[in-house]
Amino acid sequence: MDEKKFRSGFAVLAGLPNAGKSTLLNVLAGGLLSAVSYKPQTTRQNILAIADGDDYQVVFVDTPGFLSAQYKLQQTMAACVDRAVGEDADLVLFMVDASADYALNAKLVEKLKTVYCPIFLVLNKTDLVKDSAVLDALEARVKADLPIEKTFRICAAKGEGVEALKEAVVSSMPYSPAYFPQGQWTDRWERFYAAEFIREQIFLLYKKEIPYSTYVEIETFTEDLGPKNYIRANIHVERESQKPILIGKGGAAIAELRKRAQKRVEEFLGRKYRLELNVVVSPDWRNNTTMLEKFGYIVRDER
């Protein structure tokens with residue numbers, strides 16, 4: 001490998017909840033690295049997905065959807081966005097849902113005005129917009145707000161337009177040695193993804209506030225035990241009234257959750273697992289600093 005010709009850097013995906021960042025991340029990385037659902041705010045922490053080739057390595061950063069913080073957990077999510085676009089980025093991919101109201105992006109646009117790296121505009125879900133003139137007008141509106149270097153029109157869910165975007169991202173990376181070993185997919189441990197995929201299925205199976213009120217804690221995670229591989233996870237909820245909803249009549253709901261989550265985990269890890277789920281009531285954990293620290297959402301600077 002000629003390091004003088006090797007490109008490596010960080011590309012940050014920034015956008016509103018449900019703009020399609022996690023879907024795009026999975027397509028770019030060629031794996032199932034980020035939890036995806038039709039509900040917003042599925043991603044709560046920055047997730048790195050690493051795409052590499054013979055002469056490049058791009059570290060894609062999936063940030064939580066940008067939102068106005070209403071409780072401490074959302075404050076930490078907003079801080080993830082700040083840190084990613086402010087410190088980590090060699091490039092920002094500003095993802096805009098082409099079928100939604102662009103005005104909702106106003107606060108994020110103000111934040112992106114402060115970044116020093118190039119910005120690519122990624123208009124996603126363009127398959128939902130039949131009139132190309134509407135897309136032209138949207139692109140012009142964004143360019144009036146931000147110094148957009150390049151624009152891409154894609155449908156991440158179908159993979160349309162993604163290859164051209166990836167090629168442009170690679171070309172925009174600085175010449176630099178790789179940050180991670182060749183072939184490494186992510187900086188996260190496997191148990192993190194086990195929790196993410198359980199939480200993903202909660203988003204898909206349950207309604208209203210339940211998904212947003214849950215945190216999945218991996219209590220036991222074994223590997224290299226063949227058919228005896230085992231995961232025990234605690235699902236934290238905020239109120240006693242939420243526990244029976246999560247469990248369902250006769251345990252039917254949590255049994256379906258366990259089945260779906262186990263399948264998803266096995267697909268990702270490439271080996272069989274026995275998954276056990278337990279529901280725990282942790283009152284108002286989203287506003288509890290101690291709990292947020294325990295769950296890894298708040299990391300203290302020890303310097």
# chains A, B, ... in the order shown; residues from 1 in each chain; ligands from 1
>>> residues_around(residues="region 112-118 of chain A", least_positions_apart="5", cutoff="9 Å", atoms="only C-alpha atoms", output="MDAnalysis selection string")
chainID A and resid 14 85:87 89:94 107 145:150 172
>>> residues_around(residues="Glu139 (chain A)", least_positions_apart="4", cutoff="12 Å", atoms="only C-alpha atoms", output="PyMOL selection string")
chain A and resi 94-98+102+120-124+126+132-135+143-153
>>> write_last_selection(atoms="C-alpha atoms", output="CSV table (one decimal), in the first residue's frame")
chain,number,residue,atom,x,y,z
A,94,PHE,CA,-26.2,16.8,5.1
A,95,MET,CA,-29.1,14.5,4.6
A,96,VAL,CA,-32.4,16.0,3.8
A,97,ASP,CA,-35.7,14.1,3.4
A,98,ALA,CA,-36.8,15.4,0.0
A,102,TYR,CA,-37.2,21.6,4.6
A,120,PHE,CA,-22.2,17.5,0.5
A,121,LEU,CA,-26.0,17.8,0.2
A,122,VAL,CA,-27.7,14.4,0.1
A,123,LEU,CA,-31.3,14.6,-1.0
A,124,ASN,CA,-32.8,11.3,0.2
A,126,THR,CA,-36.2,11.2,-4.0
A,132,SER,CA,-37.9,17.1,-10.6
A,133,ALA,CA,-38.6,20.8,-10.5
A,134,VAL,CA,-39.5,20.3,-6.8
A,135,LEU,CA,-36.1,18.8,-6.2
A,143,LYS,CA,-27.5,26.2,-1.4
A,144,ALA,CA,-28.8,29.6,-0.5
A,145,ASP,CA,-28.3,28.6,3.2
A,146,LEU,CA,-25.0,26.6,3.0
A,147,PRO,CA,-21.8,26.4,0.9
A,148,ILE,CA,-22.7,23.0,-0.7
A,149,GLU,CA,-19.8,21.5,-2.6
A,150,LYS,CA,-21.7,18.7,-4.3
A,151,THR,CA,-25.3,17.5,-4.4
A,152,PHE,CA,-26.5,13.9,-4.7
A,153,ARG,CA,-30.1,12.7,-5.2
>>> residues_around(residues="Arg271 (chain A)", least_positions_apart="3", cutoff="12 Å", atoms="only C-alpha atoms", output="mmCIF file with N, CA and C atoms, in the first residue's frame")
data_model
loop_
_atom_site.group_PDB
_atom_site.id
_atom_site.type_symbol
_atom_site.label_atom_id
_atom_site.label_comp_id
_atom_site.auth_asym_id
_atom_site.auth_seq_id
_atom_site.Cartn_x
_atom_site.Cartn_y
_atom_site.Cartn_z
ATOM 1 N N GLU A 190 -19.296 -6.197 19.930
ATOM 2 C CA GLU A 190 -20.451 -6.963 19.464
ATOM 3 C C GLU A 190 -21.643 -6.822 20.404
ATOM 4 N N THR A 222 -21.927 -14.232 25.886
ATOM 5 C CA THR A 222 -20.886 -15.241 25.728
ATOM 6 C C THR A 222 -20.562 -15.436 24.256
ATOM 7 N N GLU A 223 -19.387 -15.966 23.979
ATOM 8 C CA GLU A 223 -19.003 -16.281 22.612
ATOM 9 C C GLU A 223 -18.052 -17.473 22.632
ATOM 10 N N ASP A 224 -17.863 -18.061 21.479
ATOM 11 C CA ASP A 224 -16.987 -19.225 21.320
ATOM 12 C C ASP A 224 -17.457 -20.432 22.115
ATOM 13 N N LEU A 225 -18.778 -20.485 22.399
ATOM 14 C CA LEU A 225 -19.335 -21.637 23.102
ATOM 15 C C LEU A 225 -20.237 -22.468 22.194
ATOM 16 N N GLY A 226 -20.167 -22.202 20.896
ATOM 17 C CA GLY A 226 -20.971 -22.966 19.949
ATOM 18 C C GLY A 226 -22.453 -22.824 20.215
ATOM 19 N N PRO A 227 -23.180 -23.945 20.291
ATOM 20 C CA PRO A 227 -24.631 -23.896 20.507
ATOM 21 C C PRO A 227 -25.034 -23.358 21.880
ATOM 22 N N LYS A 228 -24.070 -23.187 22.765
ATOM 23 C CA LYS A 228 -24.366 -22.689 24.114
ATOM 24 C C LYS A 228 -24.188 -21.169 24.222
ATOM 25 N N ASN A 229 -23.907 -20.502 23.102
ATOM 26 C CA ASN A 229 -23.787 -19.040 23.137
ATOM 27 C C ASN A 229 -25.074 -18.429 23.675
ATOM 28 N N TYR A 230 -24.933 -17.423 24.549
ATOM 29 C CA TYR A 230 -26.078 -16.952 25.318
ATOM 30 C C TYR A 230 -25.976 -15.446 25.537
ATOM 31 N N GLN A 262 -33.458 -12.090 18.315
ATOM 32 C CA GLN A 262 -32.477 -13.169 18.234
ATOM 33 C C GLN A 262 -32.084 -13.437 16.781
ATOM 34 N N LYS A 263 -33.054 -13.412 15.888
ATOM 35 C CA LYS A 263 -32.772 -13.616 14.460
ATOM 36 C C LYS A 263 -31.861 -12.512 13.925
ATOM 37 N N ARG A 264 -32.142 -11.280 14.313
ATOM 38 C CA ARG A 264 -31.364 -10.129 13.842
ATOM 39 C C ARG A 264 -29.925 -10.212 14.368
ATOM 40 N N VAL A 265 -29.774 -10.554 15.638
ATOM 41 C CA VAL A 265 -28.443 -10.672 16.242
ATOM 42 C C VAL A 265 -27.653 -11.784 15.559
ATOM 43 N N GLU A 266 -28.299 -12.914 15.318
ATOM 44 C CA GLU A 266 -27.620 -14.040 14.681
ATOM 45 C C GLU A 266 -27.183 -13.699 13.256
ATOM 46 N N GLU A 267 -28.014 -12.950 12.536
ATOM 47 C CA GLU A 267 -27.651 -12.525 11.178
ATOM 48 C C GLU A 267 -26.391 -11.674 11.188
ATOM 49 N N PHE A 268 -26.312 -10.781 12.163
ATOM 50 C CA PHE A 268 -25.178 -9.862 12.232
ATOM 51 C C PHE A 268 -23.911 -10.562 12.711
ATOM 52 N N ARG A 274 -28.784 -18.003 22.042
ATOM 53 C CA ARG A 274 -30.028 -18.086 22.817
ATOM 54 C C ARG A 274 -30.179 -16.763 23.551
#
>>> select_by_dssp(residues="region 108-299 of chain A", states="helix (DSSP H, G or I)", output="PyMOL selection string")
chain A and resi 108-112+126-128+132-145+162-172+190-205+211-213+226-228+242-247+249-269+285-287+289-294
>>> closest_residue(among="A:Gln242, A:Ser176, A:Asn105, A:Thr290", to="Lys4 (chain A)", atoms="only C-alpha atoms")
A:Ser176
>>> atom_distance(atom1="CA of Pro17 (chain A)", atom2="CA of Ala106 (chain A)")
13.5 Å
>>> select_by_dssp(residues="region 154-273 of chain A", states="strand (DSSP E)", output="VMD selection string")
chain A and resid 215 to 221 230 to 237
>>> write_last_selection(atoms="N, CA and C atoms", output="compact mmCIF listing (two decimals), in the first residue's frame")
# COMPACT_ATOMS: atom_id res chain seq x y z
N TYR A 215 -34.31 1.31 27.44
CA TYR A 215 -32.87 1.17 27.25
C TYR A 215 -32.55 -0.31 27.39
N VAL A 216 -31.74 -0.83 26.50
CA VAL A 216 -31.38 -2.25 26.53
C VAL A 216 -29.96 -2.40 27.09
N GLU A 217 -29.86 -3.11 28.19
CA GLU A 217 -28.58 -3.36 28.85
C GLU A 217 -28.21 -4.84 28.70
N ILE A 218 -27.05 -5.10 28.12
CA ILE A 218 -26.59 -6.48 27.98
C ILE A 218 -25.93 -6.91 29.28
N GLU A 219 -26.56 -7.83 29.98
CA GLU A 219 -26.05 -8.30 31.27
C GLU A 219 -25.04 -9.44 31.09
N THR A 220 -25.33 -10.35 30.16
CA THR A 220 -24.45 -11.49 29.89
C THR A 220 -24.29 -11.66 28.39
N PHE A 221 -23.07 -11.85 27.95
CA PHE A 221 -22.79 -12.04 26.53
C PHE A 221 -21.65 -13.04 26.41
N TYR A 230 -24.93 -17.42 24.55
CA TYR A 230 -26.08 -16.95 25.32
C TYR A 230 -25.98 -15.45 25.54
N ILE A 231 -27.11 -14.76 25.38
CA ILE A 231 -27.20 -13.33 25.70
C ILE A 231 -28.37 -13.13 26.65
N ARG A 232 -28.12 -12.45 27.76
CA ARG A 232 -29.20 -12.04 28.66
C ARG A 232 -29.22 -10.52 28.66
N ALA A 233 -30.39 -9.96 28.36
CA ALA A 233 -30.52 -8.50 28.26
C ALA A 233 -31.62 -8.00 29.17
N ASN A 234 -31.34 -6.89 29.84
CA ASN A 234 -32.35 -6.20 30.63
C ASN A 234 -32.92 -5.04 29.82
N ILE A 235 -34.23 -4.99 29.70
CA ILE A 235 -34.88 -3.88 29.01
C ILE A 235 -35.43 -2.94 30.08
N HIS A 236 -34.82 -1.76 30.20
CA HIS A 236 -35.24 -0.79 31.21
C HIS A 236 -36.38 0.06 30.67
N VAL A 237 -37.42 0.22 31.46
CA VAL A 237 -38.52 1.12 31.15
C VAL A 237 -38.65 2.13 32.28
>>> residues_around(residues="region 252-255 of chain A", least_positions_apart="2", cutoff="10 Å", atoms="only C-alpha atoms", output="list in words")
Ile202, Leu205, Tyr206, Pro244, Ile245, Leu246, Ile247, Gly248, Lys249, Gly250, Leu257, Arg258, Lys259, Arg260, Ala261, Glu276, Leu277, Asn278 and Val279 of chain A
>>> atom_distance(atom1="CA of Leu25 (chain A)", atom2="CA of Asp52 (chain A)")
13.6 Å
>>> residues_around(residues="Ala178 (chain A)", least_positions_apart="5", cutoff="8 Å", atoms="only C-alpha atoms", output="PyMOL selection string")
chain A and resi 6-9+56-57
>>> write_last_selection(atoms="N, CA, C and O atoms", output="compact mmCIF listing (two decimals), in the first residue's frame")
# COMPACT_ATOMS: atom_id res chain seq x y z
N PHE A 6 -2.83 6.93 -0.38
CA PHE A 6 -3.93 6.36 0.40
C PHE A 6 -4.77 7.48 1.02
O PHE A 6 -4.23 8.42 1.60
N ARG A 7 -6.08 7.37 0.86
CA ARG A 7 -7.00 8.37 1.42
C ARG A 7 -7.71 7.78 2.63
O ARG A 7 -8.17 6.63 2.61
N SER A 8 -7.81 8.60 3.67
CA SER A 8 -8.49 8.13 4.89
C SER A 8 -9.04 9.33 5.65
O SER A 8 -8.39 10.36 5.75
N GLY A 9 -10.27 9.18 6.15
CA GLY A 9 -10.87 10.28 6.90
C GLY A 9 -12.25 9.95 7.40
O GLY A 9 -12.73 8.82 7.27
N TYR A 56 -8.11 3.30 0.09
CA TYR A 56 -8.88 4.24 0.91
C TYR A 56 -9.47 3.56 2.14
O TYR A 56 -9.61 2.34 2.20
N GLN A 57 -9.79 4.39 3.11
CA GLN A 57 -10.61 3.98 4.25
C GLN A 57 -11.45 5.18 4.68
O GLN A 57 -10.91 6.24 5.00
